[in-house]
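Working notes, beginning with the structure itself.
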Amino acid sequence: MKDSTKFIKKLIIFLVLIGILLLIINHLYVITILERQRLPRNQQQFIEYKSNNDLKIIILGDSLASFAINPAYLNNSFNLATPAENLEQTYYKTKWLIENEPGIEVYVLQYNYHAFNYYRIKPYYFTTYWKSFMTYEELGNVKGVSKQVIFFEVLIPVIGKGEEILKYVKDRKDLMNPERKRWLTTKIENGWINDDTVFPENIENTTHIGQMRAYNQFRNYPIVREEEYTEIFLDTLKLLKENNKTVVLIQYPLTDEYLIALERDISLEEISEEFKDVNEIIEEFDYKTLNYLELLRYNQTLFVDSDHLNYNGSRIFTEKINENINL
Amino acid sequence: MLFNSLHFLIFFPVILILYFSIPHRFRWAVLLAGSYYFYMSWKAEYIILIMISTLVDYVAGIQIYNAQSKLKKKIFLGLSLSINLGLLFAFKYFNFFSDSTRALLNHFAIPMDPITLKVLLPVGISFYTFQTISYTIDIYRGKIKPERHLGIFAVYVSFFPQLVAGPILRARDFLPQFYVEHKFEYVRAVEGARLILWGFFKKMVIADTLATTVNMIYATPSSYSGPYLIIATVFFAIQIYCDFSGYTDIAIGAARMMGFNLKQNFRTPYLSKSIGEFWKRWHISLSTWFRDYVYIPLGGNRVKVGRWYVNILITFIISGLWHGAAVGFLIWGLLHGLYLIIEIVFQPITGKIKINQYAKRFICLAWTFILVNIGWVFFRANSLNDAAYILTHMFTSTSDLILGGALIFVIITILFVMDLIYTSPKMISYWERLNKVKLLRWLVYIMLVFGLLLFGINKSVEFVYFQF
């Protein structure tokens, strides 16, 4: 046999073997790890919801929004907010929704200050999820890889997920890390995260948790507002205005523990002052801002932790939103 | 184009197929087109610099060889050196020297306006410049004849597997290989593919993973305690080795698949028992270049002792600056020069110490590894202040001393065991027997591929040595 034929034959056998093993591992990853994560579950519910319901209101934002608004108390709504979502991701979602879901009339956007500062690790980690709202090119650009790499990541999601698999194996060995367990098993209903944990009962040192959250979310302090995020936030508002959508901006509630930690460095008034020009643009667009930052400040039993509402908190809060939204 | 990109995974098989499908006399054209495309996919206009170097040295080589008088030879050599080094200086060192001069003048209260060139550093310029310089010098010295085929010479300057990060080729080793018709050989292809796979694994799985921790700690060293600083430094030692030797493995592997032999650039350098030995095992193509074209012309060791030491220092300082226009690289080079001088001075004493040979091996290996790591701190730190902070805060408390010491001991013990394995004939023959078990071999290949797919994809981090 010619050397080249022999080499090509063996190479093909090797690649086929790798391909088969990869498909098996990928399948196992999808059913045991990926599909249990919050983002893919949210996406699945979204697909089901819009095929069976008349979707009019969409809620966008990060985990504060995904814990806070229960669509059961807001007719024809779906909570598409996802944990650790940044303003750039909200922009791409908005763009996709305008193009593909013209029936949506109201966009409920998050306007918490930390979103303009937040340092987030691996923001586009779930490629398959973000691909459903972005083009290969857009996703490739934000992730700093080629669109071909994105194509393969979407086709075979296990690619690049070695660390996650190791973490999963480790957590299972430790009889599940409580944080991971909550992450994987919390109920999701119409995108809303239904968690009945009670903050003071759940956590021993609530002050410490409040501090950790505030410091992590304002990691780039003294910079409170980063221009890159501000621009993309204003682009989102502009896009919605151009398409005649109703926009409601919400500043989600925070606990006293979180606010004390935050105000140690800078007062809420001072932060608000930093956002003066953004507020002026919001006023120009004639958009409604609902400031609930301190609404439940001393009602810690309505929170899961220092900044996420629990089951009871979200019920009270969504009813409040329903009263004030005046659609 | 990065080796660790999808682009290269398509590019290389296409070149390989084209190369073996056309007659031998046209193959240089495939390699030249491929090499230029490879370089131009980074920044197309910088190919002009490679073309200038190619044309200048092609003409200079022939003129030096044909010149009847020594003076004429010198003029053409001088012309070649000035153009090559001039380009290197302009693109790589101008801003550094301009800034340094301005800082010096300002120190003496002499005002000077900043003069800076706003240009990107051309990838691989230090590598191909040194390659072309060695070509003209070797012709001047009468060691080789000039290459008359411009196309083949152009491939020698721009051969894509080693264009951006070496190994630095020598004309006498590489050019004759073009005149031998390469046939596709199964054994060579498998060896080459194996090297490429191993190189990818070292770079994308080991080096890029360690880089995350190293970058984090070296970005703000003052936020971390002693053991973390030690971990980051040792991780960097492993990162830079896997990054650079990974690139070299891919380069050698790709060349081997096409029938070319490139010289080895690394031989397990961290198993060295002295700094002198380290430099025979680390970036071999660069250290031998400096030996042949800087150190020996300066007089090498065939001069008075004092001058010998000066020659060593000059060679290492230039070697440091070759890596980049920064004080950190300069200190790194200076430090290695000093290590070597101290080693030479104390050699008569250390040679007489009689202890158990294994204990001696362990101590020498540990000492060399620690010295090399001290050097890496200057090489990697973002500033001299950071380097000083890291070195002075590795052992600030008793607990740091115990924990840090234990860490270093464990790492050195691992290296020592590796050294024992690599030098034991019994282990080597056992390893060779294992290597013959096909099932085991395939299992290793599959594990390497899955390591890449699960841990190495979607990073696309540049090779460290691309910046040099």
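Residue numbering restarts at 1 in every chain; chains get A, B, ... in the order shown in the structure tokens, and ligands count up from 1 in that same order.
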
Starting from chain B, keep only residues with some atom at most 6 Å from an atom of chain A, counting only C-alpha atoms, and report them as a ChimeraX atom specification. /B:185-186,453-455,457

Pull the helix (DSSP H, G or I) assignments for range 119-228 of chain B out of DSSP run on the backbone, and list those residues as a PyMOL selection string. chain B and resi 125-140+150-158+171-179+186-219+221-223+226-228

I'd like the contact shell of Phe178 in chain B - 9 Å cut-off, only C-alpha atoms, skipping same-chain residues fewer than 6 positions apart - returned as a PyMOL selection string. chain B and resi 24+27-28+152+260

Counting only C-alpha atoms, what is within 12 Å of range 359-371 of chain B, bar same-chain residues fewer than 6 positions away, as a count of residues only? 48

Write out as a PyMOL selection string each polymer residue whose atoms come within 10 Å of range 41-57 of chain B, counting only C-alpha atoms; drop sequence neighbours fewer than 3 positions from it. chain B and resi 1-2+7+36-38+60-64+76-77+79-81+83-84+87-88+120-125+128-129+132-133+135-136+146+150-151+153-158

So, counting only C-alpha atoms, which residue among A:Asp277, A:Asp265, A:Asp54, A:Glu35 is closest to Phe218 in chain A? A:Asp265

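CA of Gly191 in chain A sits 20.7 Å away from CA of Thr246 in chain A.
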
Any idea what's packed within 10 Å of Lys93 in chain A, counting only C-alpha atoms, ignoring anything in its chain fewer than 5 positions away? Could you give it as a compact mmCIF listing (two decimals) with N, CA and C atoms, in the first residue's frame?
```
# COMPACT_ATOMS: atom_id res chain seq x y z
N LEU A 60 -36.56 41.70 30.87
CA LEU A 60 -35.14 41.48 30.56
C LEU A 60 -34.27 42.02 31.70
N LEU A 80 -37.59 36.72 30.64
CA LEU A 80 -36.45 36.25 29.85
C LEU A 80 -35.11 36.70 30.45
N ALA A 81 -35.17 37.27 31.65
CA ALA A 81 -33.93 37.71 32.31
C ALA A 81 -33.13 36.47 32.73
N LEU A 87 -25.45 44.22 30.04
CA LEU A 87 -26.26 45.13 29.21
C LEU A 87 -26.06 44.87 27.71
N GLU A 88 -24.89 44.37 27.36
CA GLU A 88 -24.63 44.03 25.95
C GLU A 88 -25.52 42.86 25.54
N ILE A 98 -37.17 42.24 18.77
CA ILE A 98 -37.83 43.21 17.88
C ILE A 98 -38.00 42.61 16.48
N GLU A 99 -36.94 41.92 16.03
CA GLU A 99 -36.98 41.35 14.68
C GLU A 99 -37.87 40.11 14.58
N TRP A 130 -26.84 31.79 23.75
CA TRP A 130 -26.66 33.12 23.15
C TRP A 130 -26.78 33.09 21.64
N SER A 132 -29.01 31.65 20.07
CA SER A 132 -30.41 31.79 19.67
C SER A 132 -30.83 33.27 19.58
N PHE A 133 -29.99 34.19 20.10
CA PHE A 133 -30.32 35.62 20.00
C PHE A 133 -29.32 36.41 19.15
N MET A 134 -28.26 35.75 18.72
CA MET A 134 -27.21 36.47 18.01
C MET A 134 -26.77 35.70 16.77
N THR A 236 -29.89 50.34 23.31
CA THR A 236 -31.07 49.49 23.51
C THR A 236 -32.33 50.36 23.58
```

Two-atom distance - CA of Trp431 in chain B, CA of Val16 in chain A (Å):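 Computing the Euclidean distance for CA of Trp431 in chain B and CA of Val16 in chain A yields 28.1 Å.
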
Measure the distance from CA of Ala84 in chain A to CA of Ser63 in chain A in Å and round it to one decimal. 6.1 Å

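When only C-alpha atoms are used to compute distances to Leu64 in chain A, the closest of the residues A:Glu101, A:Glu48, A:Glu284, A:Glu85 turns out to be A:Glu85.
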
For a quick check of understanding, using only C-alpha atoms, which of B:His149, B:Arg141, B:Arg25, B:Lys304 has the smallest distance to Lys73 in chain B?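 Counting only C-alpha atoms, the residue closest to Lys73 in chain B is B:Arg141.
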
Tell me which protein, DNA and RNA residues are within 10 Å of Ala255 in chain B, counting only C-alpha atoms, leaving out same-chain ones fewer than 5 positions away, and put them as number ranges by chain. B: 16, 159-162, 188-189, 192, 249-250, 260-262

Okay, now the selection with N, CA and C atoms, as a CSV table (one decimal), in the first residue's frame?
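Writing the result to part.csv gives the following:
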```csv
chain,number,residue,atom,x,y,z
B,16,LEU,N,-0.2,20.8,2.4
B,16,LEU,CA,0.5,19.5,2.4
B,16,LEU,C,0.1,18.7,1.1
B,159,PHE,N,9.8,30.5,5.6
B,159,PHE,CA,9.2,29.1,5.8
B,159,PHE,C,8.1,29.1,6.9
B,160,PHE,N,6.9,28.9,6.5
B,160,PHE,CA,5.8,29.2,7.4
B,160,PHE,C,5.8,28.5,8.8
B,161,PRO,N,6.2,27.2,8.8
B,161,PRO,CA,6.1,26.6,10.1
B,161,PRO,C,7.0,27.3,11.2
B,162,GLN,N,8.1,27.9,10.8
B,162,GLN,CA,8.9,28.5,11.8
B,162,GLN,C,9.1,30.0,11.7
B,188,ARG,N,7.4,9.3,8.7
B,188,ARG,CA,7.6,10.8,8.9
B,188,ARG,C,6.3,11.5,9.2
B,189,ALA,N,5.3,11.1,8.4
B,189,ALA,CA,4.0,11.8,8.5
B,189,ALA,C,3.4,11.5,9.9
B,192,GLY,N,5.4,13.4,12.5
B,192,GLY,CA,5.1,14.9,12.4
B,192,GLY,C,3.7,15.1,13.0
B,249,ASP,N,7.3,22.4,18.6
B,249,ASP,CA,6.9,21.0,18.3
B,249,ASP,C,6.0,21.0,17.0
B,250,ILE,N,5.0,22.0,17.0
B,250,ILE,CA,4.1,22.1,15.9
B,250,ILE,C,4.9,22.5,14.6
B,260,PHE,N,10.9,18.0,5.6
B,260,PHE,CA,12.0,18.8,6.1
B,260,PHE,C,12.4,18.5,7.5
B,261,ASN,N,13.7,18.6,7.8
B,261,ASN,CA,14.2,18.4,9.2
B,261,ASN,C,14.6,19.7,9.8
B,262,LEU,N,13.9,20.1,10.9
B,262,LEU,CA,14.3,21.3,11.6
B,262,LEU,C,15.0,20.9,12.9
```

Top pick for closest residue to Ser134 in chain B, considering B:Leu286, B:Val30, B:Ile115, B:Ala165 and counting only C-alpha atoms: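 So, comparing all the options, the nearest one is B:Leu286.
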